[in-house]
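Visitor: Pasting a structure here, questions to come.
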Amino acid sequence: MEHGPSGGSTAMRRRSGVRGGARMECLEHDILCIIFSFLDVFDLVRCTAVCKSWNAVIRKSELLQVLYFKLRRDSGESTSSGQRKSMEFGLQEVAMKYHRLCLQRGRIDIHRWKAHSVGVDQCRMKMGLLLTGVGDKVMRLWSLDSYKCEEEYYIPDTASLVDFDFDESKIVGLLGSRVGIWTRNGKRSIFPSREGTFSKGLCVRYIDPDAVIGCEDGTARVFDMYSRTCSRIIKCALCLMHAGPVTCLALSDDELILSGSSLGSVSISDLASDQRVARLRSTDSAGIRTLCFNPCSHLVFAGTTVGYTYCWDLRTMKSLWETRISSNVLYSLSYLRSDNSTLAVGGIDGVLRVLNQNTGEVLSRCLIADERPISSTRNMHAFIEKKKGIRLPEDAEVDRIPRTCRPPITCLSVGMKKVVTAHNSKYIRMWKFNISFVIWVDLPSR
């Protein structure tokens, strides 16, 4: 038998260490279960995404199942085995309902931090990260939990950034009549002139491996990010996609390109065949300024230069609703992925509006309560000013409200119970919407 220096059995010590490790793991499991038992179902779902060990503990303990079915019983829903939905789908429904009610009725806390040294007017949110830029010579990637600038991507001195998009591995930037790629490790490359030059670009959207550029000449040009070539120019058989410039774009997972025109129409084109499939028309000729597509509901949303919002069903190519929510231009609209109920809209009047996706009804109008911060904090990454937000009553006249409480919203992006806004200034704002989970369970949905 093998012995160590002290004469004891090495094998015995190893077995003892294994048993000790198992006891420690068991202890940690029990402690975590006790801690997790104090959480509500929404926070428990968030904990499953922290790490594999937490996910395993929560799923093994069946805490989620217990809380989920209790929540259904408390809300009056049947939990009989014949009517039970899968828990994953049910939890997603719970989360979306919670998100909707928070945006519609929740307390509003607004956090503002200085993101750039000069004004920027664009922001994109994905995977818990926020990318900001356009106006400065740098794009910055932020953590929304700590407000830490995770990475910086510099723009060439000879170019101006017009628009950008990103995914987990790269950032694609539109540099006037060129395309730039920044990998997440900071390496930058610009398409060579013989392949990357095109008429002036106005907007860009990216779904791997294609970047689609909306151009001033009414075309949409598709660039392959790997071969770094313009693979196709989208136009119909007899004419270009639009008589006017392509001002905004949205892409679908099934290779459709939706493009908004400055002359008031939305064209739908097939990426594979290079042909226009259909055209969605609005009732006025005001330019389409912003566009988004919800693949879950197949609904297309657009905002115009005179304050109208439109909705079409892509399956029928027919208009579902239209409503004028402002007398001024709408710059941006967005929704939380998997949410089929709410749409956030922002524009030059500085009011953050929450709309019902299915009817166009304005559910809430939000703005900053006071130009003075109620508090400020400095963490190791940023100086954060905190303000309260308020909801406007239906009869309130927006034009009578000071502009300091409603700076123009040039871009917005929606996350879970939050909306991030850019204002063509040095500062970015995060609007946090919250309702106590206990109170939320008792609230009737509207």
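Labeling convention for the structure tokens: chains A, B, ... as they appear, residues from 1 per chain, ligands from 1 in order of appearance.
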Dump as CSV the rows for residues of region 306-386 of chain A within 10 Å of region 147-163 of chain A: closest atom pair and distance in Å with one decimal, only C-alpha atoms counted, ordered by chain and rising residue number.

Guide:
```
residue,atom,partner,partner_atom,distance
A:Asn379,CA,A:Tyr147,CA,8.7
A:Met380,CA,A:Lys148,CA,8.2
A:His381,CA,A:Lys148,CA,5.0
A:Ala382,CA,A:Tyr147,CA,6.3
A:Phe383,CA,A:Tyr147,CA,9.0
A:Ile384,CA,A:Tyr147,CA,8.6
```

Visitor: Give me every helix (DSSP H, G or I) residue in region 258-433 of chain A, going by DSSP on the backbone, as a list of chain:residue names.

Guide: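 Secondary structure check on region 258-433 of chain A, helix (DSSP H, G or I): A:Val398, A:Asp399, A:Arg400, A:Arg403, A:Thr404, A:Cys405.
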
Visitor: For His99 (chain A), which residue out of A:Met127, A:Leu314, A:Val354, A:Leu141 is the nearest one, using only C-alpha atoms?

Guide: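 For His99 (chain A), the nearest of the given residues is A:Val354.
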
Visitor: Find the distance between CA of Thr421 (chain A) and CA of Ile409 (chain A) and write it in Å to one decimal.

Guide: 6.3 Å

Visitor: How close does each residue of region 161-212 of chain A get to region 251-256 of chain A, giving the shortest atom pair and distance in Å to one decimal for every residue with an atom at most 9 Å away, counting only C-alpha atoms, sorted by chain and residue number, as JSON lines?

Guide:
```
{"residue": "A:Arg205", "atom": "CA", "partner": "A:Leu251", "partner_atom": "CA", "distance": 7.1}
{"residue": "A:Tyr206", "atom": "CA", "partner": "A:Leu251", "partner_atom": "CA", "distance": 7.8}
{"residue": "A:Ile207", "atom": "CA", "partner": "A:Leu251", "partner_atom": "CA", "distance": 7.5}
{"residue": "A:Val212", "atom": "CA", "partner": "A:Leu251", "partner_atom": "CA", "distance": 8.6}
```

Visitor: Those selected residues, please, written with N, CA, C and O atoms and delivered as an mmCIF file, in the first residue's frame.

Guide:
```
data_model
loop_
_atom_site.group_PDB
_atom_site.id
_atom_site.type_symbol
_atom_site.label_atom_id
_atom_site.label_comp_id
_atom_site.auth_asym_id
_atom_site.auth_seq_id
_atom_site.Cartn_x
_atom_site.Cartn_y
_atom_site.Cartn_z
ATOM 1 N N ARG A 205 -28.166 46.873 -41.604
ATOM 2 C CA ARG A 205 -28.588 45.818 -40.689
ATOM 3 C C ARG A 205 -27.800 44.561 -41.040
ATOM 4 O O ARG A 205 -27.447 44.329 -42.194
ATOM 5 N N TYR A 206 -27.554 43.743 -40.016
ATOM 6 C CA TYR A 206 -26.649 42.611 -40.180
ATOM 7 C C TYR A 206 -27.233 41.353 -39.566
ATOM 8 O O TYR A 206 -27.674 41.358 -38.410
ATOM 9 N N ILE A 207 -27.330 40.293 -40.366
ATOM 10 C CA ILE A 207 -27.574 38.935 -39.878
ATOM 11 C C ILE A 207 -26.544 38.046 -40.564
ATOM 12 O O ILE A 207 -26.507 37.957 -41.783
ATOM 13 N N VAL A 212 -26.702 44.246 -44.927
ATOM 14 C CA VAL A 212 -27.522 44.884 -45.952
ATOM 15 C C VAL A 212 -27.449 46.393 -45.758
ATOM 16 O O VAL A 212 -27.687 46.901 -44.653
#
```

Visitor: Please, what distance in Å, to one decimal, runs between CA of Asp313 (chain A) and CA of Thr247 (chain A)?

Guide: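 CA of Asp313 (chain A) sits 20.9 Å away from CA of Thr247 (chain A).
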
Visitor: Show me, as a list in words, the residues that have an atom within 10 Å of Leu343 (chain A) when counting only C-alpha atoms, minus same-chain residues fewer than 5 positions from it.

Guide: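 Within the cut-off, the hits are Arg100, Leu103, Cys292, Phe301, Leu333, Ser334, Tyr335, Leu336, Arg353, Val354, Leu355, Asn356, Gln357, Asn358, Gly360, Val362, Leu363 and Val414 of chain A.
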
Visitor: Generate the output file for the selected residues, C-alpha atoms, as a PDB file, in the first residue's frame.

Guide:
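Result written to again-v1.pdb:
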```pdb
ATOM      1  CA  ARG A 100     -45.644  44.365 -20.272  1.00  0.00           C
ATOM      2  CA  LEU A 103     -43.725  49.141 -18.969  1.00  0.00           C
ATOM      3  CA  CYS A 292     -38.903  46.914 -37.184  1.00  0.00           C
ATOM      4  CA  PHE A 301     -44.072  48.346 -37.571  1.00  0.00           C
ATOM      5  CA  LEU A 333     -39.273  52.019 -32.372  1.00  0.00           C
ATOM      6  CA  SER A 334     -38.366  48.720 -30.771  1.00  0.00           C
ATOM      7  CA  TYR A 335     -39.731  45.775 -28.781  1.00  0.00           C
ATOM      8  CA  LEU A 336     -38.372  43.028 -26.544  1.00  0.00           C
ATOM      9  CA  ARG A 353     -44.411  55.992 -25.621  1.00  0.00           C
ATOM     10  CA  VAL A 354     -45.501  52.401 -25.025  1.00  0.00           C
ATOM     11  CA  LEU A 355     -47.983  51.086 -27.594  1.00  0.00           C
ATOM     12  CA  ASN A 356     -50.087  47.945 -27.851  1.00  0.00           C
ATOM     13  CA  GLN A 357     -48.574  45.991 -30.758  1.00  0.00           C
ATOM     14  CA  ASN A 358     -51.935  44.537 -31.791  1.00  0.00           C
ATOM     15  CA  GLY A 360     -51.834  50.712 -31.794  1.00  0.00           C
ATOM     16  CA  VAL A 362     -50.983  54.229 -26.562  1.00  0.00           C
ATOM     17  CA  LEU A 363     -50.668  52.457 -23.209  1.00  0.00           C
ATOM     18  CA  VAL A 414     -35.726  47.587 -25.372  1.00  0.00           C
TER      19      VAL A 414
END
```

Visitor: In region 200-384 of chain A, what's strand (DSSP E) per DSSP? Answer as number ranges by chain?

Guide: A: 201-207, 210-215, 220-224, 229-234, 246-251, 256-261, 265-270, 275-281, 288-294, 299-304, 308-313, 318-324, 330-334, 342-347, 352-356, 362-368, 375-378, 383-384

Visitor: Quick one: pull the distance between CA of Trp113 (chain A) and CA of Leu144 (chain A), Å, one decimal.

Guide: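 Spanning CA of Trp113 (chain A) to CA of Leu144 (chain A) is a straight-line distance of 11.2 Å.
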
Visitor: Quick one: of A:Gly346, A:Gly106, A:Pro402, A:Pro209, who's nearest to Asp167 (chain A), counting only C-alpha atoms?

Guide: A:Pro209

Visitor: Residues near region 322-330 of chain A, anyone? I mean within 7 Å using only C-alpha atoms, not counting same-chain ones fewer than 3 positions away, as a ChimeraX atom specification.

Guide: /A:289,303-311,346-349,360

Visitor: Neighbours of Ala211 (chain A) within 12 Å (only C-alpha atoms; same-chain residues fewer than 2 positions away dropped), as a ChimeraX atom specification?

Guide: /A:163-167,170-174,178-181,196,203-209,213-214,220-233,249-251,255,257,271

Visitor: Show which residues sit within 6 Å of Val134 (chain A), as a JSON list (two decimals) with C-alpha atoms, in the first residue's frame. Count only C-alpha atoms, and ignore same-chain residues fewer than 4 positions away.

Guide:
```
[["chain", "number", "residue", "atom", "x", "y", "z"],
["A", 120, "VAL", "CA", -24.07, 60.36, -30.25],
["A", 121, "ASP", "CA", -27.47, 59.41, -31.59],
["A", 122, "GLN", "CA", -27.52, 55.61, -32.00],
["A", 161, "LEU", "CA", -19.85, 56.50, -39.04]]
```

Visitor: Do you have, as JSON lines, the list of residues of region 59-159 of chain A lying at most 12 Å from region 422-428 of chain A, each with its nearest atom pair and that distance in Å to one decimal, counting only C-alpha atoms and ordered by chain then number?

Guide:
```
{"residue": "A:Ile110", "atom": "CA", "partner": "A:Ile428", "partner_atom": "CA", "distance": 10.2}
{"residue": "A:His111", "atom": "CA", "partner": "A:Ile428", "partner_atom": "CA", "distance": 8.3}
{"residue": "A:Arg112", "atom": "CA", "partner": "A:Ile428", "partner_atom": "CA", "distance": 5.7}
{"residue": "A:Trp113", "atom": "CA", "partner": "A:Tyr427", "partner_atom": "CA", "distance": 5.5}
{"residue": "A:Lys114", "atom": "CA", "partner": "A:Tyr427", "partner_atom": "CA", "distance": 4.5}
{"residue": "A:Ala115", "atom": "CA", "partner": "A:Tyr427", "partner_atom": "CA", "distance": 5.5}
{"residue": "A:His116", "atom": "CA", "partner": "A:Lys426", "partner_atom": "CA", "distance": 4.9}
{"residue": "A:Ser117", "atom": "CA", "partner": "A:Lys426", "partner_atom": "CA", "distance": 5.8}
{"residue": "A:Val118", "atom": "CA", "partner": "A:Lys426", "partner_atom": "CA", "distance": 5.2}
{"residue": "A:Gly119", "atom": "CA", "partner": "A:Ser425", "partner_atom": "CA", "distance": 3.6}
{"residue": "A:Val120", "atom": "CA", "partner": "A:Asn424", "partner_atom": "CA", "distance": 4.6}
{"residue": "A:Asp121", "atom": "CA", "partner": "A:Asn424", "partner_atom": "CA", "distance": 4.2}
{"residue": "A:Gln122", "atom": "CA", "partner": "A:Ala422", "partner_atom": "CA", "distance": 6.0}
{"residue": "A:Cys123", "atom": "CA", "partner": "A:Ala422", "partner_atom": "CA", "distance": 6.4}
{"residue": "A:Arg124", "atom": "CA", "partner": "A:Ala422", "partner_atom": "CA", "distance": 9.8}
{"residue": "A:Met125", "atom": "CA", "partner": "A:Ala422", "partner_atom": "CA", "distance": 11.7}
{"residue": "A:Leu130", "atom": "CA", "partner": "A:Ile428", "partner_atom": "CA", "distance": 10.2}
{"residue": "A:Leu131", "atom": "CA", "partner": "A:Ile428", "partner_atom": "CA", "distance": 10.8}
{"residue": "A:Thr132", "atom": "CA", "partner": "A:Ala422", "partner_atom": "CA", "distance": 8.2}
{"residue": "A:Gly133", "atom": "CA", "partner": "A:Ala422", "partner_atom": "CA", "distance": 9.3}
{"residue": "A:Val134", "atom": "CA", "partner": "A:Asn424", "partner_atom": "CA", "distance": 8.8}
{"residue": "A:Gly135", "atom": "CA", "partner": "A:Asn424", "partner_atom": "CA", "distance": 7.9}
{"residue": "A:Asp136", "atom": "CA", "partner": "A:Lys426", "partner_atom": "CA", "distance": 9.3}
{"residue": "A:Arg140", "atom": "CA", "partner": "A:Ile428", "partner_atom": "CA", "distance": 11.5}
{"residue": "A:Trp142", "atom": "CA", "partner": "A:Ile428", "partner_atom": "CA", "distance": 10.7}
{"residue": "A:Leu144", "atom": "CA", "partner": "A:Ile428", "partner_atom": "CA", "distance": 11.2}
{"residue": "A:Tyr147", "atom": "CA", "partner": "A:Ile428", "partner_atom": "CA", "distance": 10.4}
```

Visitor: Next, write the just-selected residues to a file, as a PDB file, in the first residue's frame, keeping N, CA and C atoms as the atom set.

Guide:
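Result file part.pdb:
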```pdb
ATOM      1  N   ILE A 110     -34.767  56.448 -13.816  1.00  0.00           N
ATOM      2  CA  ILE A 110     -33.948  56.770 -14.984  1.00  0.00           C
ATOM      3  C   ILE A 110     -32.499  56.966 -14.551  1.00  0.00           C
ATOM      4  N   HIS A 111     -31.599  56.195 -15.125  1.00  0.00           N
ATOM      5  CA  HIS A 111     -30.166  56.321 -14.856  1.00  0.00           C
ATOM      6  C   HIS A 111     -29.493  56.931 -16.078  1.00  0.00           C
ATOM      7  N   ARG A 112     -28.678  57.940 -15.851  1.00  0.00           N
ATOM      8  CA  ARG A 112     -27.978  58.613 -16.950  1.00  0.00           C
ATOM      9  C   ARG A 112     -26.480  58.591 -16.679  1.00  0.00           C
ATOM     10  N   TRP A 113     -25.697  58.262 -17.714  1.00  0.00           N
ATOM     11  CA  TRP A 113     -24.250  58.318 -17.563  1.00  0.00           C
ATOM     12  C   TRP A 113     -23.620  58.881 -18.834  1.00  0.00           C
ATOM     13  N   LYS A 114     -22.444  59.478 -18.658  1.00  0.00           N
ATOM     14  CA  LYS A 114     -21.725  60.059 -19.788  1.00  0.00           C
ATOM     15  C   LYS A 114     -21.033  58.942 -20.551  1.00  0.00           C
ATOM     16  N   ALA A 115     -21.460  58.748 -21.806  1.00  0.00           N
ATOM     17  CA  ALA A 115     -20.957  57.634 -22.596  1.00  0.00           C
ATOM     18  C   ALA A 115     -19.910  58.060 -23.615  1.00  0.00           C
ATOM     19  N   HIS A 116     -19.949  59.342 -24.038  1.00  0.00           N
ATOM     20  CA  HIS A 116     -19.037  59.826 -25.080  1.00  0.00           C
ATOM     21  C   HIS A 116     -18.640  61.263 -24.781  1.00  0.00           C
ATOM     22  N   SER A 117     -17.592  61.708 -25.427  1.00  0.00           N
ATOM     23  CA  SER A 117     -17.121  63.083 -25.221  1.00  0.00           C
ATOM     24  C   SER A 117     -17.865  64.072 -26.109  1.00  0.00           C
ATOM     25  N   VAL A 118     -18.531  63.567 -27.147  1.00  0.00           N
ATOM     26  CA  VAL A 118     -19.394  64.399 -27.997  1.00  0.00           C
ATOM     27  C   VAL A 118     -20.723  63.672 -28.167  1.00  0.00           C
ATOM     28  N   GLY A 119     -21.712  64.359 -28.769  1.00  0.00           N
ATOM     29  CA  GLY A 119     -23.032  63.778 -28.887  1.00  0.00           C
ATOM     30  C   GLY A 119     -23.081  62.573 -29.814  1.00  0.00           C
ATOM     31  N   VAL A 120     -23.807  61.530 -29.413  1.00  0.00           N
ATOM     32  CA  VAL A 120     -24.067  60.355 -30.250  1.00  0.00           C
ATOM     33  C   VAL A 120     -25.573  60.131 -30.309  1.00  0.00           C
ATOM     34  N   ASP A 121     -26.029  59.536 -31.416  1.00  0.00           N
ATOM     35  CA  ASP A 121     -27.472  59.410 -31.587  1.00  0.00           C
ATOM     36  C   ASP A 121     -27.957  58.003 -31.883  1.00  0.00           C
ATOM     37  N   GLN A 122     -27.090  56.972 -31.722  1.00  0.00           N
ATOM     38  CA  GLN A 122     -27.520  55.605 -31.996  1.00  0.00           C
ATOM     39  C   GLN A 122     -27.134  54.675 -30.848  1.00  0.00           C
ATOM     40  N   CYS A 123     -27.984  53.666 -30.621  1.00  0.00           N
ATOM     41  CA  CYS A 123     -27.691  52.628 -29.621  1.00  0.00           C
ATOM     42  C   CYS A 123     -28.339  51.326 -30.070  1.00  0.00           C
ATOM     43  N   ARG A 124     -27.679  50.209 -29.784  1.00  0.00           N
ATOM     44  CA  ARG A 124     -28.202  48.876 -30.072  1.00  0.00           C
ATOM     45  C   ARG A 124     -27.967  48.005 -28.844  1.00  0.00           C
ATOM     46  N   MET A 125     -28.987  47.248 -28.440  1.00  0.00           N
ATOM     47  CA  MET A 125     -28.871  46.386 -27.268  1.00  0.00           C
ATOM     48  C   MET A 125     -29.061  44.928 -27.669  1.00  0.00           C
ATOM     49  N   LEU A 130     -24.758  46.866 -24.605  1.00  0.00           N
ATOM     50  CA  LEU A 130     -25.241  48.040 -25.322  1.00  0.00           C
ATOM     51  C   LEU A 130     -24.101  48.633 -26.138  1.00  0.00           C
ATOM     52  N   LEU A 131     -24.339  48.846 -27.433  1.00  0.00           N
ATOM     53  CA  LEU A 131     -23.349  49.477 -28.302  1.00  0.00           C
ATOM     54  C   LEU A 131     -23.845  50.872 -28.658  1.00  0.00           C
ATOM     55  N   THR A 132     -22.996  51.894 -28.437  1.00  0.00           N
ATOM     56  CA  THR A 132     -23.385  53.277 -28.695  1.00  0.00           C
ATOM     57  C   THR A 132     -22.395  53.933 -29.650  1.00  0.00           C
ATOM     58  N   GLY A 133     -22.875  54.902 -30.424  1.00  0.00           N
ATOM     59  CA  GLY A 133     -22.004  55.616 -31.343  1.00  0.00           C
ATOM     60  C   GLY A 133     -22.775  56.459 -32.333  1.00  0.00           C
ATOM     61  N   VAL A 134     -22.106  56.880 -33.414  1.00  0.00           N
ATOM     62  CA  VAL A 134     -22.544  57.777 -34.481  1.00  0.00           C
ATOM     63  C   VAL A 134     -22.550  59.222 -33.968  1.00  0.00           C
ATOM     64  N   GLY A 135     -21.561  59.960 -34.406  1.00  0.00           N
ATOM     65  CA  GLY A 135     -21.346  61.326 -33.956  1.00  0.00           C
ATOM     66  C   GLY A 135     -19.962  61.477 -33.354  1.00  0.00           C
ATOM     67  N   ASP A 136     -19.490  60.431 -32.698  1.00  0.00           N
ATOM     68  CA  ASP A 136     -18.149  60.396 -32.123  1.00  0.00           C
ATOM     69  C   ASP A 136     -17.252  59.568 -33.045  1.00  0.00           C
ATOM     70  N   ARG A 140     -18.688  52.441 -28.449  1.00  0.00           N
ATOM     71  CA  ARG A 140     -18.393  51.846 -27.142  1.00  0.00           C
ATOM     72  C   ARG A 140     -19.417  50.768 -26.810  1.00  0.00           C
ATOM     73  N   TRP A 142     -21.072  48.589 -23.803  1.00  0.00           N
ATOM     74  CA  TRP A 142     -21.299  48.764 -22.368  1.00  0.00           C
ATOM     75  C   TRP A 142     -21.963  47.544 -21.755  1.00  0.00           C
ATOM     76  N   LEU A 144     -24.713  46.565 -19.181  1.00  0.00           N
ATOM     77  CA  LEU A 144     -25.868  47.255 -18.608  1.00  0.00           C
ATOM     78  C   LEU A 144     -26.035  46.963 -17.119  1.00  0.00           C
ATOM     79  N   TYR A 147     -22.514  49.357 -15.979  1.00  0.00           N
ATOM     80  CA  TYR A 147     -22.206  50.574 -16.748  1.00  0.00           C
ATOM     81  C   TYR A 147     -20.718  50.652 -17.099  1.00  0.00           C
TER      82      TYR A 147
END
```

Visitor: Between A:Val94, A:Leu299, A:Cys248, A:Leu202, which one has atoms that come closest to Gly176 (chain A), using only C-alpha atoms?

Guide: A:Leu202

Visitor: Taking into account only C-alpha atoms, which residue in the set A:Ser332, A:Ser199, A:Ser267, A:Thr316 is nearest to Ala344 (chain A)?

Guide: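 Closest residue, counting only C-alpha atoms: A:Ser332.
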